[in-house]
Amino acid sequence: MRQIWKPFRALYFAALMMLIGSGLLSTYLALRLAAEHVDGLWVGALMAANYFGLVLGGKIGHRLIGRVGHIRAYTTCAGIVCAAVLGHGLVDYLPAWLFLRMIVGLGMMCQYMVIESWLNEQAEAKQRGAVFSGYMIASYLGLVLGQLILVIHPQLGLELLMLVALCFALCLVPVAMTQRIHPAPLKPAPMEPRFFLKRVPQSLSTVLGSGLIVGSFYGLAPLYASQQGLSTEQVGLFMGCCIFAGLLVQWPLGWLSDRYDRAVLIRTFAMLLAIAALPLAVFPSVPLEMLFGAGFLVSLLQFCLYPLANAFANDHVEPERRVSLTAMLLVTYGVGASIGPLAAGVLMKLFGSQMLYAFFSFFALVLVWRIRPKAVTNLHQVDDAPLHHVAMPDSMTSSPLVAALDPRVDEQSVHDQMHVSAEHPPVPPAQEHAEPLPDELDEAAEMGDGKKVGRSVSEEEQ
């Protein structure tokens, strides 16, 4: 394993430093505004601006990399992100902070795209699983370490902003000094929203719900913990504990995902999430032990939704469309993560900080209502489904190109999809079948993520 990861250690270090800075910045801004008694709505708006920048960067990043190359694009964006981070210390005007937060998100998405395309270019097909795991570990570890810095340095002064800028400056070094050849030029993957809305509607609903919940968590959980009376050090420990839960759950989740029906698992985890969030949603103030215990359990469950939805969707989409699928999933997630912090921030302002976890519980129940395993028709399941589950990096730490690192995706299919010319568009959904489907199968296919004709979920399990 060490021999596999060794060639990628520079890129892992770059991802680690980026995520340390990003994780620390999100929590710092929330605590800084809480200390100045600013409405939670502004805290939510800052996180929404960050996710809006991430979504926007998915489009702009392709053009920038195609125009100036990977290294120049990466160094340019890292420099802009450093400047935007330091800009938070130069101005106290909150609308300006919204703009700066959007710039940080936009620049980081371009950086993700460079790192991931480089990893994919250098990784052999048989190494993809290990390379993917290393990237995931570096991403989550960076987020956790970013929170733990607050334990060492609890003062909310400009020193923390300087430390964030320092992390983004250091992530420049391994990429700027590389002697490797540039990866191949990138082409934006077609989104095909109408196709995916018809093919994998339940997966998209889950991803949207996950974005609403996880986006609100990153933006507003530090504010919630602060309003529960926690010190800066305790807030850092609370956030680090919750994010660590997201890393911890990925391996047992993969074991379950490969052995049980994924639609059933999504609905089960959503129900458990709704129940686990209730104690923190009902009581305005809770003991420290309950806060950490319930917060850890809620995070354990909420970080299960996106990986399950991603694997469920990939089970029903052909390999040549999976890069487009990942782009669609991340845009859907970004939309949810942009809306969630704003909506939850309004609720916290009107009804109290406990409404953050009431928000989690409500949307978890919406997913329980929306996900219907019996509606899965088995019409479009790929031949080798269920595909082997891969623990995905949190969507805050990936770009649409992360599909290329997924060992489930055929390497040649990914290459053809990422470099396909615009004059060869994908086959429209209406031309997928040589023979027309019966009316009842067409109607069933629109009800949920499909598998093979004539086989139900229960029959698959038998």
# chains A, B, ... in the order shown; residues from 1 in each chain; ligands from 1
call {"tool": "residues_around", "arguments": {"residues": "Phe283 in chain A", "least_positions_apart": "4", "cutoff": "9 Å", "atoms": "only C-alpha atoms", "output": "PyMOL selection string"}}
result
chain A and resi 278-279+354
call {"tool": "write_last_selection", "arguments": {"atoms": "C-alpha atoms", "output": "short mmCIF file (atom, residue, chain, number, x, y, z; two decimals), in the first residue's frame"}}
result
data_model
loop_
_atom_site.label_atom_id
_atom_site.label_comp_id
_atom_site.auth_asym_id
_atom_site.auth_seq_id
_atom_site.Cartn_x
_atom_site.Cartn_y
_atom_site.Cartn_z
CA LEU A 278 -34.71 14.77 17.92
CA PRO A 279 -33.01 15.26 21.34
CA GLN A 354 -32.10 24.02 18.31
#
call {"tool": "select_by_dssp", "arguments": {"residues": "range 226-416 of chain A", "states": "alpha helix (DSSP H)", "output": "PyMOL selection string"}}
result
chain A and resi 226-227+232-248+250-257+262-282+288-314+322-351+355-370+411-416
call {"tool": "residues_around", "arguments": {"residues": "Ala364 in chain A", "least_positions_apart": "3", "cutoff": "12 Å", "atoms": "only C-alpha atoms", "output": "number ranges by chain"}}
result
A: 205-214, 266-278, 298, 301-302, 304-305, 357-361, 367-371
call {"tool": "residues_around", "arguments": {"residues": "Leu145 in chain A", "least_positions_apart": "6", "cutoff": "12 Å", "atoms": "only C-alpha atoms", "output": "compact mmCIF listing (two decimals) with C-alpha atoms, in the first residue's frame"}}
result
# COMPACT_ATOMS: atom_id res chain seq x y z
CA LEU A 16 -4.51 18.02 3.08
CA MET A 17 -3.36 21.64 3.36
CA MET A 18 -6.32 22.88 1.31
CA LEU A 19 -8.82 21.13 3.57
CA ILE A 20 -7.10 22.22 6.78
CA GLY A 21 -7.49 25.80 5.59
CA SER A 22 -11.04 25.34 4.34
CA GLY A 23 -12.27 23.58 7.48
CA LEU A 24 -10.67 26.14 9.77
CA LEU A 25 -12.04 29.07 7.75
CA THR A 27 -15.61 27.36 11.67
CA ILE A 137 -8.26 10.06 3.98
CA ALA A 138 -6.28 13.22 3.20
CA SER A 139 -9.52 15.15 2.65
CA VAL A 151 -8.22 23.75 20.48
CA ILE A 152 -4.59 24.86 20.32
CA VAL A 164 -5.65 29.69 6.80
CA CYS A 167 -2.24 26.59 4.43
CA GLY A 236 -13.33 22.85 17.75
CA LEU A 237 -13.51 19.48 19.51
CA MET A 239 -16.73 19.87 15.03
CA GLY A 240 -13.67 17.62 14.83
CA CYS A 241 -15.57 14.81 16.54
CA ILE A 243 -16.36 15.25 10.99
CA PHE A 244 -14.32 12.29 12.25
call {"tool": "residues_around", "arguments": {"residues": "Leu172 in chain A", "least_positions_apart": "3", "cutoff": "12 Å", "atoms": "only C-alpha atoms", "output": "mmCIF file with N, CA and C atoms, in the first residue's frame"}}
result
data_model
loop_
_atom_site.group_PDB
_atom_site.id
_atom_site.type_symbol
_atom_site.label_atom_id
_atom_site.label_comp_id
_atom_site.auth_asym_id
_atom_site.auth_seq_id
_atom_site.Cartn_x
_atom_site.Cartn_y
_atom_site.Cartn_z
ATOM 1 N N ALA A 10 2.752 14.066 -2.797
ATOM 2 C CA ALA A 10 2.745 15.516 -2.983
ATOM 3 C C ALA A 10 1.329 16.033 -3.201
ATOM 4 N N LEU A 11 0.533 15.313 -4.006
ATOM 5 C CA LEU A 11 -0.841 15.733 -4.253
ATOM 6 C C LEU A 11 -1.704 15.527 -3.018
ATOM 7 N N PHE A 13 -0.592 15.823 0.006
ATOM 8 C CA PHE A 13 -0.220 16.931 0.890
ATOM 9 C C PHE A 13 -0.939 18.205 0.474
ATOM 10 N N ALA A 14 -1.025 18.441 -0.828
ATOM 11 C CA ALA A 14 -1.733 19.632 -1.311
ATOM 12 C C ALA A 14 -3.197 19.587 -0.897
ATOM 13 N N ALA A 15 -3.847 18.420 -1.058
ATOM 14 C CA ALA A 15 -5.251 18.290 -0.649
ATOM 15 C C ALA A 15 -5.383 18.465 0.854
ATOM 16 N N LEU A 16 -4.462 17.900 1.621
ATOM 17 C CA LEU A 16 -4.509 18.019 3.078
ATOM 18 C C LEU A 16 -4.445 19.472 3.510
ATOM 19 N N MET A 17 -3.508 20.240 2.965
ATOM 20 C CA MET A 17 -3.363 21.637 3.362
ATOM 21 C C MET A 17 -4.579 22.458 2.946
ATOM 22 N N MET A 18 -5.115 22.176 1.756
ATOM 23 C CA MET A 18 -6.317 22.885 1.313
ATOM 24 C C MET A 18 -7.465 22.679 2.286
ATOM 25 N N ILE A 71 -0.963 23.655 -14.110
ATOM 26 C CA ILE A 71 -0.144 24.282 -13.072
ATOM 27 C C ILE A 71 -0.470 25.759 -12.942
ATOM 28 N N ARG A 72 -0.568 26.472 -14.073
ATOM 29 C CA ARG A 72 -0.888 27.900 -14.000
ATOM 30 C C ARG A 72 -2.273 28.135 -13.413
ATOM 31 N N ALA A 73 -3.236 27.299 -13.787
ATOM 32 C CA ALA A 73 -4.584 27.450 -13.239
ATOM 33 C C ALA A 73 -4.578 27.222 -11.735
ATOM 34 N N TYR A 74 -3.853 26.196 -11.297
ATOM 35 C CA TYR A 74 -3.813 25.881 -9.861
ATOM 36 C C TYR A 74 -3.150 27.000 -9.075
ATOM 37 N N THR A 75 -1.992 27.455 -9.534
ATOM 38 C CA THR A 75 -1.287 28.502 -8.798
ATOM 39 C C THR A 75 -2.068 29.814 -8.814
ATOM 40 N N THR A 76 -2.705 30.113 -9.928
ATOM 41 C CA THR A 76 -3.526 31.325 -9.995
ATOM 42 C C THR A 76 -4.655 31.277 -8.969
ATOM 43 N N CYS A 77 -5.367 30.163 -8.936
ATOM 44 C CA CYS A 77 -6.505 30.049 -8.015
ATOM 45 C C CYS A 77 -6.047 30.020 -6.567
ATOM 46 N N ALA A 78 -4.924 29.350 -6.282
ATOM 47 C CA ALA A 78 -4.410 29.330 -4.912
ATOM 48 C C ALA A 78 -4.047 30.742 -4.457
ATOM 49 N N GLY A 79 -3.442 31.512 -5.345
ATOM 50 C CA GLY A 79 -3.117 32.886 -4.990
ATOM 51 C C GLY A 79 -4.362 33.731 -4.744
ATOM 52 N N ILE A 80 -5.369 33.557 -5.586
ATOM 53 C CA ILE A 80 -6.619 34.300 -5.409
ATOM 54 C C ILE A 80 -7.304 33.904 -4.108
ATOM 55 N N VAL A 81 -7.298 32.607 -3.794
ATOM 56 C CA VAL A 81 -7.907 32.149 -2.545
ATOM 57 C C VAL A 81 -7.172 32.737 -1.344
ATOM 58 N N CYS A 82 -5.838 32.750 -1.385
ATOM 59 C CA CYS A 82 -5.069 33.375 -0.299
ATOM 60 C C CYS A 82 -5.473 34.829 -0.105
ATOM 61 N N MET A 108 -11.247 27.093 -4.987
ATOM 62 C CA MET A 108 -10.968 25.751 -4.472
ATOM 63 C C MET A 108 -11.484 24.672 -5.420
ATOM 64 N N GLN A 111 -8.932 24.116 -7.963
ATOM 65 C CA GLN A 111 -7.811 23.378 -7.388
ATOM 66 C C GLN A 111 -8.138 21.888 -7.263
ATOM 67 N N VAL A 114 -7.765 20.213 -10.652
ATOM 68 C CA VAL A 114 -6.381 19.975 -11.053
ATOM 69 C C VAL A 114 -5.824 18.753 -10.328
ATOM 70 N N ILE A 115 -6.004 18.693 -9.005
ATOM 71 C CA ILE A 115 -5.457 17.580 -8.231
ATOM 72 C C ILE A 115 -6.059 16.256 -8.682
ATOM 73 N N ALA A 165 -4.531 31.326 5.384
ATOM 74 C CA ALA A 165 -3.804 31.759 4.185
ATOM 75 C C ALA A 165 -2.490 31.009 4.044
ATOM 76 N N LEU A 166 -1.839 30.720 5.171
ATOM 77 C CA LEU A 166 -0.591 29.963 5.141
ATOM 78 C C LEU A 166 -0.818 28.560 4.572
ATOM 79 N N CYS A 167 -1.932 27.923 4.953
ATOM 80 C CA CYS A 167 -2.245 26.588 4.430
ATOM 81 C C CYS A 167 -2.451 26.627 2.920
ATOM 82 N N PHE A 168 -3.169 27.628 2.438
ATOM 83 C CA PHE A 168 -3.386 27.726 0.991
ATOM 84 C C PHE A 168 -2.101 28.083 0.248
ATOM 85 N N ALA A 169 -1.193 28.801 0.911
ATOM 86 C CA ALA A 169 0.099 29.080 0.281
ATOM 87 C C ALA A 169 0.940 27.810 0.200
ATOM 88 N N VAL A 175 2.517 21.304 -6.127
ATOM 89 C CA VAL A 175 2.036 21.362 -7.513
ATOM 90 C C VAL A 175 2.933 22.252 -8.354
ATOM 91 N N ALA A 176 3.357 23.387 -7.807
ATOM 92 C CA ALA A 176 4.203 24.312 -8.568
ATOM 93 C C ALA A 176 5.573 23.725 -8.873
ATOM 94 N N MET A 177 6.059 22.813 -8.008
ATOM 95 C CA MET A 177 7.401 22.262 -8.180
ATOM 96 C C MET A 177 7.417 20.921 -8.908
ATOM 97 N N THR A 178 6.267 20.439 -9.334
ATOM 98 C CA THR A 178 6.233 19.126 -9.959
ATOM 99 C C THR A 178 7.018 19.108 -11.261
#
call {"tool": "closest_residue", "arguments": {"among": "A:Tyr12, A:Phe312, A:Trp5, A:Gly293", "to": "Gly129 in chain A", "atoms": "only C-alpha atoms"}}
result
A:Trp5
call {"tool": "closest_residue", "arguments": {"among": "A:Leu141, A:Leu230, A:Leu325, A:Leu347", "to": "Leu291 in chain A", "atoms": "only C-alpha atoms"}}
result
A:Leu230
call {"tool": "atom_distance", "arguments": {"atom1": "CA of Leu90 in chain A", "atom2": "CA of Met109 in chain A"}}
result
24.0 Å
